[in-house]
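Some notes on the structure that comes next.
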Amino acid sequence: MRNNLVAWAVSEDHFPSFGSIKEKFKFFVRYAILAPSGHNTQPWMFEVHDESLNLLADRTRALPVIDPDDRELIISCGAALTNLVVAMKYFGFEPDITYFPVEHDNDLLASVKIKARDYEPNDEDKMFFKSILKRRTNRLPFADDVVDGITKQKLISITTQDKDVRFAIVEDTDKKEEITKLIEIADRAQSQNKSFCRELAQWVHPNRSNSKDGIPGYAFGMGDLISYGSPFFIGNLNWGDIQAGRDRNLVKGSPLLAYMETKKDKPFEWLRTGMALERILLKAAYEGIAASYLNQPLEVPELFEKFKVLVDTPNYPQMILRMGYGKEVKSTPRRDVEDVIKLN
Ligand SMILES: Cc1cc2nc3c(=O)[nH]c(=O)nc-3n(C[C@H](O)[C@H](O)[C@H](O)COP(=O)(O)O)c2cc1C
């Protein structure tokens, strides 16, 4: 296993049963860091205290061009928070989460204390935990197989109790076509934005790179040789038409096109979106369903408004996903747990 993939070798057998709470929290963080994040920036930091843990946004890892408000950055942290609480519950620790515990400190996203140490994980808790190691972003074409109604309902049910976030599947064929067109327009707009291309190029790496963050070419389906040229290609050539064509085919071949939305559009809702996103992705992984992102229309302000009109919502769309049955794909790098933990 490559050195930058060792984070995925974490196993429940390594749980420090006789260790201190700090050591246990550190172990839970090993699962938190397997969460997805925009461009695999892993923009999180965990401050471990004797009896609690703080989740902080690491804004040094921001993507100012694609994500000027750090919205996706905080969504990414929310996904990591879900993994953390899933791991805690699996090992019998009931979490007590306070969101944004310090007024005006928008970097301190959540404080996690332990409510009980004799929590009995239910089947859903166990399912979520087992799926953390299975989940991947899968950008390759999916099989034609449809996702049946029961499975769709299982995915939708993940957010039915959630007061802050809604997950919706786009069923209408005409709407799907209109959304596909928006994705194509967004691809072309982003590829013509030099700053966007430079930013992306900094985070896409050759397959054999030892980098512990960013996206290796293989995650886009590139072979080793082509992956060497990918940062140059992204940063210097006009790839909008290629990407637009590719995304059109991906949407056409995806049994599910879905989006997530919130009633407000503030850091709290972004964090909750990330938490719900990861629960949906874990449930999907458990059901054998792969997912990847088509957020482009939400990243271009004029297209964001058009997307809202298309799906006819007064709310704030946060994420666009395609889902379906795909071949297995490789995991992507992660930083070492020591790099994202501050022990106090
Ligand atoms: C908030 C957020 C936004 C993302 N946006 C995109 C995107 O627009 N396009 C894409 O291909 N992947 C996107 N991703 C997926 C990340 O690139 C992926 O999670 C990361 O590279 C790590 O890979 P993994 O998910 O396979 O572990 C996004 C992930 C998150 C959490």
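Identifiers in the structure tokens: chain A, B, ... in order shown; residue index from 1 per chain; ligand index from 1 in order shown.
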Contact residues around Thr151 in chain A with only C-alpha atoms at 12 Å, ignoring same-chain residues under 5 positions, as a PyMOL selection string | chain A and resi 146+156-158+169+255-256+280+283-289+323-324
Selection to disk with C-alpha atoms, as a PDB file, in the first residue's frame:
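Done, and the output landed in selection.pdb:
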ATOM      1  CA  VAL A 146     -31.853   1.247 -12.270  1.00  0.00           C
ATOM      2  CA  ILE A 156     -34.286   9.835   0.988  1.00  0.00           C
ATOM      3  CA  SER A 157     -35.133   8.646   4.506  1.00  0.00           C
ATOM      4  CA  ILE A 158     -31.654   9.635   5.700  1.00  0.00           C
ATOM      5  CA  ILE A 169     -33.965  13.062  -6.255  1.00  0.00           C
ATOM      6  CA  PRO A 255     -29.795   6.289 -12.717  1.00  0.00           C
ATOM      7  CA  LEU A 256     -30.035   8.998 -10.058  1.00  0.00           C
ATOM      8  CA  ILE A 280     -26.231   9.640   2.544  1.00  0.00           C
ATOM      9  CA  LYS A 283     -25.868   4.562   3.263  1.00  0.00           C
ATOM     10  CA  ALA A 284     -25.337   4.545  -0.512  1.00  0.00           C
ATOM     11  CA  ALA A 285     -22.005   2.724  -0.117  1.00  0.00           C
ATOM     12  CA  TYR A 286     -23.729   0.151   2.067  1.00  0.00           C
ATOM     13  CA  GLU A 287     -26.343  -0.389  -0.660  1.00  0.00           C
ATOM     14  CA  GLY A 288     -23.557  -0.776  -3.247  1.00  0.00           C
ATOM     15  CA  ILE A 289     -24.354   2.611  -4.771  1.00  0.00           C
ATOM     16  CA  MET A 323     -25.565   8.062  -8.126  1.00  0.00           C
ATOM     17  CA  GLY A 324     -25.646   4.563  -9.525  1.00  0.00           C
TER      18      GLY A 324
END
Ligand 1 neighbours within 9 Å using only C-alpha atoms and all ligand atoms, as a ChimeraX atom specification | /A:34-42,71-80,135-139,213-216,219-220,273-274,277-278,292-296,299,318-320,329-334
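Considering the residues A:Ala290, A:Met88, A:Leu63, A:Leu250 and counting only C-alpha atoms, Glu184 in chain A has its shortest atom-to-atom contact with A:Leu250.
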Counting only C-alpha atoms, what is within 9 Å of Lys115 in chain A, bar same-chain residues fewer than 6 positions away, as a ChimeraX atom specification?
-> /A:93-96
Written file, previous selection with N, CA and C atoms, as a CSV table (one decimal), in the first residue's frame:
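Output file out36.csv is given in full below:
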chain,number,residue,atom,x,y,z
A,93,PHE,N,-19.7,5.3,22.7
A,93,PHE,CA,-19.7,6.6,23.2
A,93,PHE,C,-20.8,7.5,22.6
A,94,GLU,N,-21.7,7.9,23.4
A,94,GLU,CA,-22.8,8.8,22.9
A,94,GLU,C,-22.3,10.2,22.8
A,95,PRO,N,-22.3,10.8,21.6
A,95,PRO,CA,-21.7,12.2,21.5
A,95,PRO,C,-22.7,13.2,21.9
A,96,ASP,N,-22.2,14.3,22.4
A,96,ASP,CA,-23.0,15.5,22.8
A,96,ASP,C,-22.4,16.7,22.0
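Our summary of the geometry notes that CA of Val48 in chain A is positioned 17.3 Å from CA of Arg335 in chain A.
By only C-alpha atoms, and with residues fewer than 2 positions from range 304-307 of chain A along its chain excluded, the set lying at most 10 Å from it is Lys175, Glu178, Ile179, Leu182, Ile183, Ala186, Asn295, Gln296, Pro297, Leu298, Glu299, Val300, Pro301, Glu302, Val309, Leu310, Val311, Asp312, Thr313, Tyr316, Pro317 and Gln318 of chain A.
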Same residues, C-alpha atoms, output as an mmCIF file, in the first residue's frame:
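Dumped everything to out.cif:
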data_model
loop_
_atom_site.group_PDB
_atom_site.id
_atom_site.type_symbol
_atom_site.label_atom_id
_atom_site.label_comp_id
_atom_site.auth_asym_id
_atom_site.auth_seq_id
_atom_site.Cartn_x
_atom_site.Cartn_y
_atom_site.Cartn_z
ATOM 1 C CA LYS A 175 -35.635 18.752 -15.607
ATOM 2 C CA GLU A 178 -32.121 21.184 -18.224
ATOM 3 C CA ILE A 179 -29.783 20.496 -15.287
ATOM 4 C CA LEU A 182 -26.483 23.954 -16.785
ATOM 5 C CA ILE A 183 -23.656 21.569 -15.871
ATOM 6 C CA ALA A 186 -20.743 25.663 -15.888
ATOM 7 C CA ASN A 295 -21.737 20.897 -8.161
ATOM 8 C CA GLN A 296 -20.516 23.121 -10.967
ATOM 9 C CA PRO A 297 -23.806 25.058 -11.476
ATOM 10 C CA LEU A 298 -23.847 25.920 -7.773
ATOM 11 C CA GLU A 299 -20.310 27.310 -8.005
ATOM 12 C CA VAL A 300 -21.149 29.875 -10.719
ATOM 13 C CA PRO A 301 -23.456 32.549 -9.193
ATOM 14 C CA GLU A 302 -25.717 33.138 -12.258
ATOM 15 C CA VAL A 309 -35.615 28.066 -10.649
ATOM 16 C CA LEU A 310 -35.239 24.723 -12.414
ATOM 17 C CA VAL A 311 -35.830 22.630 -9.316
ATOM 18 C CA ASP A 312 -38.448 25.168 -8.235
ATOM 19 C CA THR A 313 -37.249 25.717 -4.692
ATOM 20 C CA TYR A 316 -30.556 27.029 -1.061
ATOM 21 C CA PRO A 317 -29.205 24.139 -3.132
ATOM 22 C CA GLN A 318 -25.881 23.014 -1.649
#
Report the residues of range 72-287 of chain A whose backbone DSSP state falls under alpha helix (DSSP H), written as a PyMOL selection string.
-> chain A and resi 72-90+123-132+149-157+173-191+194-203+224-236+240-252+267-286
Take the residues just selected and output them with C-alpha atoms as a compact mmCIF listing (two decimals), in the first residue's frame.
# COMPACT_ATOMS: atom_id res chain seq x y z
CA GLU A 72 -17.73 23.68 0.61
CA LEU A 73 -14.87 23.81 3.10
CA ILE A 74 -17.37 23.73 5.97
CA ILE A 75 -19.47 21.08 4.23
CA SER A 76 -16.31 18.95 4.08
CA CYS A 77 -15.76 19.44 7.83
CA GLY A 78 -19.38 18.39 8.41
CA ALA A 79 -18.70 15.13 6.56
CA ALA A 80 -15.70 14.52 8.83
CA LEU A 81 -17.86 15.24 11.88
CA THR A 82 -20.33 12.55 10.83
CA ASN A 83 -17.54 10.00 10.57
CA LEU A 84 -16.30 11.03 14.01
CA VAL A 85 -19.69 10.57 15.69
CA VAL A 86 -20.33 7.35 13.79
CA ALA A 87 -17.06 5.94 15.13
CA MET A 88 -17.83 7.17 18.66
CA LYS A 89 -21.26 5.50 18.66
CA TYR A 90 -19.87 2.26 17.26
CA ASP A 123 -28.03 -1.66 13.25
CA GLU A 124 -27.93 1.70 11.50
CA ASP A 125 -24.96 2.87 13.59
CA LYS A 126 -23.13 -0.33 12.69
CA MET A 127 -24.01 0.02 9.01
CA PHE A 128 -22.70 3.61 8.94
CA PHE A 129 -19.47 2.56 10.65
CA LYS A 130 -18.78 -0.38 8.33
CA SER A 131 -19.37 1.84 5.30
CA ILE A 132 -16.73 4.48 6.18
CA GLY A 149 -37.91 2.54 -5.42
CA ILE A 150 -37.15 0.90 -2.07
CA THR A 151 -33.47 1.77 -2.30
CA LYS A 152 -34.29 5.34 -3.34
CA GLN A 153 -36.57 5.61 -0.34
CA LYS A 154 -33.78 4.38 1.93
CA LEU A 155 -31.56 7.20 0.68
CA ILE A 156 -34.29 9.84 0.99
CA SER A 157 -35.13 8.65 4.51
CA THR A 173 -36.62 13.73 -17.45
CA ASP A 174 -37.01 17.27 -18.82
CA LYS A 175 -35.64 18.75 -15.61
CA LYS A 176 -32.70 16.35 -15.74
CA GLU A 177 -31.95 17.52 -19.28
CA GLU A 178 -32.12 21.18 -18.22
CA ILE A 179 -29.78 20.50 -15.29
CA THR A 180 -27.39 18.70 -17.64
CA LYS A 181 -27.31 21.80 -19.82
CA LEU A 182 -26.48 23.95 -16.78
CA ILE A 183 -23.66 21.57 -15.87
CA GLU A 184 -22.27 21.88 -19.40
CA ILE A 185 -22.46 25.69 -19.30
CA ALA A 186 -20.74 25.66 -15.89
CA ASP A 187 -17.97 23.36 -17.15
CA ARG A 188 -17.25 25.74 -20.03
CA ALA A 189 -17.37 28.80 -17.76
CA GLN A 190 -15.02 27.26 -15.20
CA SER A 191 -12.54 26.07 -17.84
CA LYS A 194 -7.78 30.99 -15.52
CA SER A 195 -7.78 31.35 -11.73
CA PHE A 196 -10.14 28.40 -11.39
CA CYS A 197 -7.90 26.27 -13.64
CA ARG A 198 -4.74 27.24 -11.74
CA GLU A 199 -6.37 26.43 -8.42
CA LEU A 200 -7.59 23.04 -9.64
CA ALA A 201 -4.20 22.24 -11.22
CA GLN A 202 -2.55 22.70 -7.81
CA TRP A 203 -4.69 19.93 -6.34
CA ASP A 224 -0.15 6.84 -15.10
CA LEU A 225 1.34 8.53 -18.15
CA ILE A 226 -1.54 10.90 -18.83
CA SER A 227 -1.77 11.74 -15.13
CA TYR A 228 1.76 13.25 -15.31
CA GLY A 229 0.53 15.86 -17.76
CA SER A 230 -2.77 16.54 -16.01
CA PRO A 231 -1.76 19.61 -13.94
CA PHE A 232 -0.34 21.26 -17.08
CA PHE A 233 -3.37 20.25 -19.15
CA ILE A 234 -5.83 21.62 -16.57
CA GLY A 235 -3.86 24.80 -16.01
CA ASN A 236 -3.13 25.67 -19.64
CA GLY A 240 -14.33 22.91 -21.11
CA ASP A 241 -15.81 21.15 -24.16
CA ILE A 242 -14.24 17.82 -23.21
CA GLN A 243 -15.52 18.08 -19.64
CA ALA A 244 -18.97 19.21 -20.75
CA GLY A 245 -19.29 16.23 -23.11
CA ARG A 246 -18.04 13.88 -20.44
CA ASP A 247 -20.45 15.22 -17.81
CA ARG A 248 -23.39 15.02 -20.25
CA ASN A 249 -22.65 11.31 -20.76
CA LEU A 250 -22.16 10.75 -17.04
CA VAL A 251 -25.53 12.29 -16.16
CA LYS A 252 -27.25 10.45 -19.02
CA PRO A 267 -22.07 28.18 8.16
CA PHE A 268 -24.40 26.20 10.46
CA GLU A 269 -26.42 24.93 7.47
CA TRP A 270 -23.20 24.15 5.56
CA LEU A 271 -21.92 22.07 8.46
CA ARG A 272 -25.26 20.25 8.69
CA THR A 273 -25.20 19.68 4.91
CA GLY A 274 -21.81 18.00 5.21
CA MET A 275 -23.06 15.83 8.05
CA ALA A 276 -26.11 14.74 6.04
CA LEU A 277 -24.04 14.32 2.87
CA GLU A 278 -21.76 11.81 4.55
CA ARG A 279 -24.71 9.88 6.04
CA ILE A 280 -26.23 9.64 2.54
CA LEU A 281 -22.92 8.56 1.01
CA LEU A 282 -22.37 5.94 3.72
CA LYS A 283 -25.87 4.56 3.26
CA ALA A 284 -25.34 4.55 -0.51
CA ALA A 285 -22.01 2.72 -0.12
CA TYR A 286 -23.73 0.15 2.07
